[in-house]
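Everything on this sheet refers to the single structure shown next.
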Amino acid sequence: MISRRLLIASTAAVATAIGLPRPAAAATAATAAEGKTVTRTNTRTLHLAPAHEQLKALRKGHISARALLDQLLEHHAKANPAVNAVVTTDVAAARAAADAADRHRARTGTVLGPLHGLPLTVKDALETKGLRTTSGSPDLADHVPATDADLVALLRAAGAVIVGKTNVPTMCQDIQTSNPLFGTTKNPYAADRTAGGSSGGPSAAVATGLSSLEVGSDLAGSLRLPAAYCGVYALRTSRGTMPVVPTRGHIPRPPGWLSSSDMLSLGPIARTAEDLDVLLDVIAAPSPADSTAWSVSLPAPAKTRLGQYRVGLWADDDFCRVDAATRTLLGQVAHAVRTAGAALDDATRPVDFAQSNLLFERLMYATSAATTSDEAFAGEVKAAESVDPGSPAAHFLKSRTMRHRDWARADEDRQKLRQAWAAYFAAHDVLITPAAPTAAVLDQTAVPSNERYITVDGAKRGYFEQTSWLNLASPVGLPAVVMPTGRTADGLPLSIQIIGPYLADRTVIAVAKLLSEVLPAAPQAPALTS
């Protein structure tokens, strides 16, 4: 059962439930250009500023943790009902944590850690001690973990104030965000469009100012696709034999499991590239079991100007054609990179797109079988033995039920693919690709899964082609940033992906910062400006 102090309420009624003060007056703001980051000079709206500005104000004592939290909760009451991003809150615990942070600073003159007093939401796939964690599943409707996920423990140790949980599709198994417990998370720019998935709630929360930072999970683009559709930044962190961000406590796997998928990476979501670095500093760490002897020290970028970089560009491909708006955007990227004086190679390809995608699917289907019930898996094994090799189901069934010998050989193919990427990055610093074939597509929650599709320049395409470009990096564990830039004629944000060498997480963030200075600004979500 859920403890009595745990407040789980629809955010439409949150203002009444938590007894907030009347809204503060709007603050003055200096804006260099439409869509650029706003520098807020009035602490009454500091909750809408980038995380690094909020943290600076907290450190300098310009605002208390409790005051900042109450600003944010007031904004939740106003903005969350339209998007349904935050689905569970624990206001009492958040206020207690904020008050504790303020007492610590008053007593010692120091901060608790790099996220001292910063109010944040957490994806509902990450276990939070004492706070309901469902992963969107009715089977977990009353699951209140006794311990934090390793990553959540890092956030708390850094001084963050956990406000609540953000929505996901059921067990994170869709690329749009809806579930029977909490319903659908809407795109912050158009209610009929999807926020993406599985990190649709986290991305929509950051886009609308409900949280300045979030953490998403990414196996098949589940972090980067929602970020692209919601117009925010996100980083899929590097993953080799082990991840650079610990993954224990992510659902799925089921509660209580100590292992996670060999393809899963966790990473930060933010409204600025600078804020990706802020959160990466906290969450890049070994698992608790390894921390006695190991540490994670991601190298700083070796270059400081865009013109110093050797940039690869993969703007389109027959395997996954992009639409006219995305092609135009990638043309603007090419022009900006050349104008900055950088070396641009738009002809060399690191891997064969189709072969890479096929291997990704085999490994993804195999790892997803781990938590299948014995009865269901036995049925899949039997079906795989008799399936017609030419059937559309054959690839799925045979990948899900492959023998360990076959998986070991697929893993060897993955290592060879990593080697091909390493050879490419010997001559290139980063590779820029589309993030998706289009801007955010129509939400298809009500459409049966086997009937879903997307439309690209009028042509009907497969539903899961939304993530094809993102899945270039997925099987090989490369760091990849999605950054918003530009917009469609309808005002939806567009995005690009920046892929770097293994462990060059800070480099891809640095390139995103530099590109943000020369590329078109993405639109801001209406909730940030209304």
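Please note that chains go A, B, ... in the order of the structure tokens, that every chain numbers its residues from 1, and that ligands are numbered from 1 in the order shown.
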List every residue of stretch 276-337 of chain A that DSSP, applied to the backbone, labels as helix (DSSP H, G or I), and write the result as a ChimeraX atom specification. /A:276-283,306-308,324-337
Go ahead and dump the residues you just picked, N, CA and C atoms, as a short mmCIF file (atom, residue, chain, number, x, y, z; two decimals), in the first residue's frame.
```cif
data_model
loop_
_atom_site.label_atom_id
_atom_site.label_comp_id
_atom_site.auth_asym_id
_atom_site.auth_seq_id
_atom_site.Cartn_x
_atom_site.Cartn_y
_atom_site.Cartn_z
N LEU A 276 23.31 19.84 -20.08
CA LEU A 276 23.65 18.43 -20.22
C LEU A 276 24.92 18.12 -19.44
N ASP A 277 25.90 19.02 -19.57
CA ASP A 277 27.16 18.85 -18.83
C ASP A 277 26.93 18.88 -17.33
N VAL A 278 26.04 19.78 -16.87
CA VAL A 278 25.77 19.90 -15.44
C VAL A 278 25.32 18.56 -14.87
N LEU A 279 24.38 17.91 -15.54
CA LEU A 279 23.86 16.65 -15.02
C LEU A 279 24.82 15.50 -15.28
N LEU A 280 25.52 15.52 -16.41
CA LEU A 280 26.48 14.46 -16.70
C LEU A 280 27.55 14.40 -15.62
N ASP A 281 27.97 15.55 -15.11
CA ASP A 281 28.97 15.58 -14.03
C ASP A 281 28.53 14.76 -12.82
N VAL A 282 27.22 14.69 -12.60
CA VAL A 282 26.68 14.00 -11.42
C VAL A 282 26.46 12.52 -11.68
N ILE A 283 25.93 12.19 -12.85
CA ILE A 283 25.47 10.81 -13.06
C ILE A 283 26.50 9.90 -13.71
N LEU A 306 34.46 25.68 -33.48
CA LEU A 306 33.82 24.81 -34.46
C LEU A 306 34.71 24.58 -35.67
N GLY A 307 35.43 25.61 -36.05
CA GLY A 307 36.29 25.49 -37.23
C GLY A 307 37.43 24.51 -37.07
N GLN A 308 37.72 24.09 -35.85
CA GLN A 308 38.80 23.13 -35.62
C GLN A 308 38.36 21.68 -35.82
N ALA A 324 11.35 16.83 -46.56
CA ALA A 324 11.93 18.04 -47.16
C ALA A 324 12.43 19.01 -46.10
N ALA A 325 11.67 19.17 -45.01
CA ALA A 325 12.09 20.11 -43.96
C ALA A 325 13.39 19.66 -43.31
N THR A 326 13.54 18.35 -43.11
CA THR A 326 14.76 17.84 -42.49
C THR A 326 15.94 17.95 -43.46
N ARG A 327 15.71 17.69 -44.75
CA ARG A 327 16.78 17.86 -45.74
C ARG A 327 17.25 19.30 -45.79
N THR A 328 16.30 20.24 -45.74
CA THR A 328 16.67 21.65 -45.74
C THR A 328 17.50 21.99 -44.51
N LEU A 329 17.09 21.48 -43.35
CA LEU A 329 17.83 21.72 -42.12
C LEU A 329 19.26 21.19 -42.24
N LEU A 330 19.42 19.97 -42.74
CA LEU A 330 20.77 19.42 -42.86
C LEU A 330 21.61 20.21 -43.85
N GLY A 331 20.98 20.81 -44.86
CA GLY A 331 21.70 21.72 -45.75
C GLY A 331 22.18 22.96 -45.01
N GLN A 332 21.36 23.47 -44.11
CA GLN A 332 21.78 24.61 -43.29
C GLN A 332 22.94 24.24 -42.38
N VAL A 333 22.91 23.02 -41.85
CA VAL A 333 24.01 22.55 -41.02
C VAL A 333 25.30 22.52 -41.82
N ALA A 334 25.24 21.96 -43.03
CA ALA A 334 26.44 21.89 -43.87
C ALA A 334 27.00 23.28 -44.14
N HIS A 335 26.12 24.23 -44.46
CA HIS A 335 26.56 25.59 -44.74
C HIS A 335 27.21 26.22 -43.51
N ALA A 336 26.60 26.03 -42.35
CA ALA A 336 27.13 26.63 -41.12
C ALA A 336 28.49 26.05 -40.77
N VAL A 337 28.65 24.74 -40.93
CA VAL A 337 29.91 24.08 -40.61
C VAL A 337 31.02 24.57 -41.54
#
```
So which residues touch A:His428 within 12 Å, counting only C-alpha atoms, skipping near sequence neighbours fewer than 5 positions away, as a PyMOL selection string? chain A and resi 308-313+342-346+348-350+421-423+499-501
Selection near A:Asp275, 10 Å with only C-alpha atoms, sequence-local residues under 2 positions removed, as a PyMOL selection string: chain A and resi 50-53+212-213+233-234+268-273+277-281+509
Keeping N, CA, C and O atoms for every residue in the selection just given, could you write it to a file as a short mmCIF file (atom, residue, chain, number, x, y, z; two decimals), in the first residue's frame?
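The resulting file, part04.cif, is reproduced below:
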```cif
data_model
loop_
_atom_site.label_atom_id
_atom_site.label_comp_id
_atom_site.auth_asym_id
_atom_site.auth_seq_id
_atom_site.Cartn_x
_atom_site.Cartn_y
_atom_site.Cartn_z
N PRO A 50 17.42 28.11 -17.19
CA PRO A 50 18.22 26.88 -17.29
C PRO A 50 18.72 26.44 -15.92
O PRO A 50 18.87 27.24 -14.99
N ALA A 51 19.03 25.18 -15.81
CA ALA A 51 19.44 24.63 -14.51
C ALA A 51 20.68 25.31 -13.96
O ALA A 51 20.77 25.57 -12.76
N HIS A 52 21.64 25.62 -14.83
CA HIS A 52 22.87 26.22 -14.31
C HIS A 52 22.61 27.59 -13.71
O HIS A 52 23.30 28.00 -12.77
N GLU A 53 21.61 28.32 -14.22
CA GLU A 53 21.27 29.61 -13.63
C GLU A 53 20.55 29.43 -12.29
O GLU A 53 20.79 30.17 -11.33
N SER A 212 13.88 21.40 -14.82
CA SER A 212 14.97 21.96 -15.63
C SER A 212 15.87 20.87 -16.18
O SER A 212 16.54 21.07 -17.20
N LEU A 213 15.89 19.73 -15.52
CA LEU A 213 16.70 18.59 -15.94
C LEU A 213 15.87 17.32 -15.75
O LEU A 213 14.99 17.27 -14.91
N TYR A 233 17.32 19.18 -25.58
CA TYR A 233 18.59 18.47 -25.75
C TYR A 233 18.57 17.17 -24.97
O TYR A 233 17.97 17.09 -23.89
N ALA A 234 19.28 16.16 -25.49
CA ALA A 234 19.42 14.89 -24.75
C ALA A 234 20.71 14.22 -25.18
O ALA A 234 21.16 14.36 -26.33
N PRO A 268 21.17 12.49 -19.71
CA PRO A 268 20.48 13.71 -19.30
C PRO A 268 19.62 14.31 -20.40
O PRO A 268 19.90 14.17 -21.59
N ILE A 269 18.58 15.03 -19.97
CA ILE A 269 17.71 15.84 -20.83
C ILE A 269 17.72 17.25 -20.26
O ILE A 269 17.65 17.44 -19.04
N ALA A 270 17.82 18.26 -21.14
CA ALA A 270 17.90 19.64 -20.67
C ALA A 270 17.44 20.59 -21.77
O ALA A 270 17.28 20.19 -22.93
N ARG A 271 17.25 21.86 -21.39
CA ARG A 271 16.86 22.86 -22.38
C ARG A 271 18.07 23.54 -23.02
O ARG A 271 17.91 24.31 -23.97
N THR A 272 19.27 23.31 -22.48
CA THR A 272 20.49 23.85 -23.08
C THR A 272 21.56 22.77 -23.09
O THR A 272 21.56 21.85 -22.25
N ALA A 273 22.51 22.91 -24.01
CA ALA A 273 23.62 21.96 -24.05
C ALA A 273 24.47 22.08 -22.79
O ALA A 273 24.99 21.07 -22.28
N ASP A 277 25.90 19.02 -19.57
CA ASP A 277 27.16 18.85 -18.83
C ASP A 277 26.93 18.88 -17.33
O ASP A 277 27.56 18.14 -16.57
N VAL A 278 26.04 19.78 -16.87
CA VAL A 278 25.77 19.90 -15.44
C VAL A 278 25.32 18.56 -14.87
O VAL A 278 25.81 18.11 -13.82
N LEU A 279 24.38 17.91 -15.54
CA LEU A 279 23.86 16.65 -15.02
C LEU A 279 24.82 15.50 -15.28
O LEU A 279 24.94 14.58 -14.45
N LEU A 280 25.52 15.52 -16.41
CA LEU A 280 26.48 14.46 -16.70
C LEU A 280 27.55 14.40 -15.62
O LEU A 280 28.01 13.30 -15.24
N ASP A 281 27.97 15.55 -15.11
CA ASP A 281 28.97 15.58 -14.03
C ASP A 281 28.53 14.76 -12.82
O ASP A 281 29.36 14.19 -12.11
N ILE A 509 28.66 17.08 -26.66
CA ILE A 509 27.99 18.20 -26.01
C ILE A 509 28.63 19.51 -26.44
O ILE A 509 27.94 20.50 -26.74
#
```
DSSP strand (DSSP E) selection over stretch 228-444 of chain A, as a list of chain:residue names: A:Tyr233, A:Ala234, A:Leu235, A:Arg236, A:Ser265, A:Leu266, A:Gly267, A:Pro268, A:Ile269, A:Ala270, A:Arg310, A:Val311, A:Gly312, A:Leu313, A:Ala343, A:Leu344, A:Asp345, A:Val430, A:Leu431, A:Ile432, A:Thr433, A:Pro434
By how many Å are atom CA of A:Ala300 and atom CA of A:Ser203 apart?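 Taking atom CA of A:Ala300 as the start and atom CA of A:Ser203 as the end point, the length is 26.2 Å.
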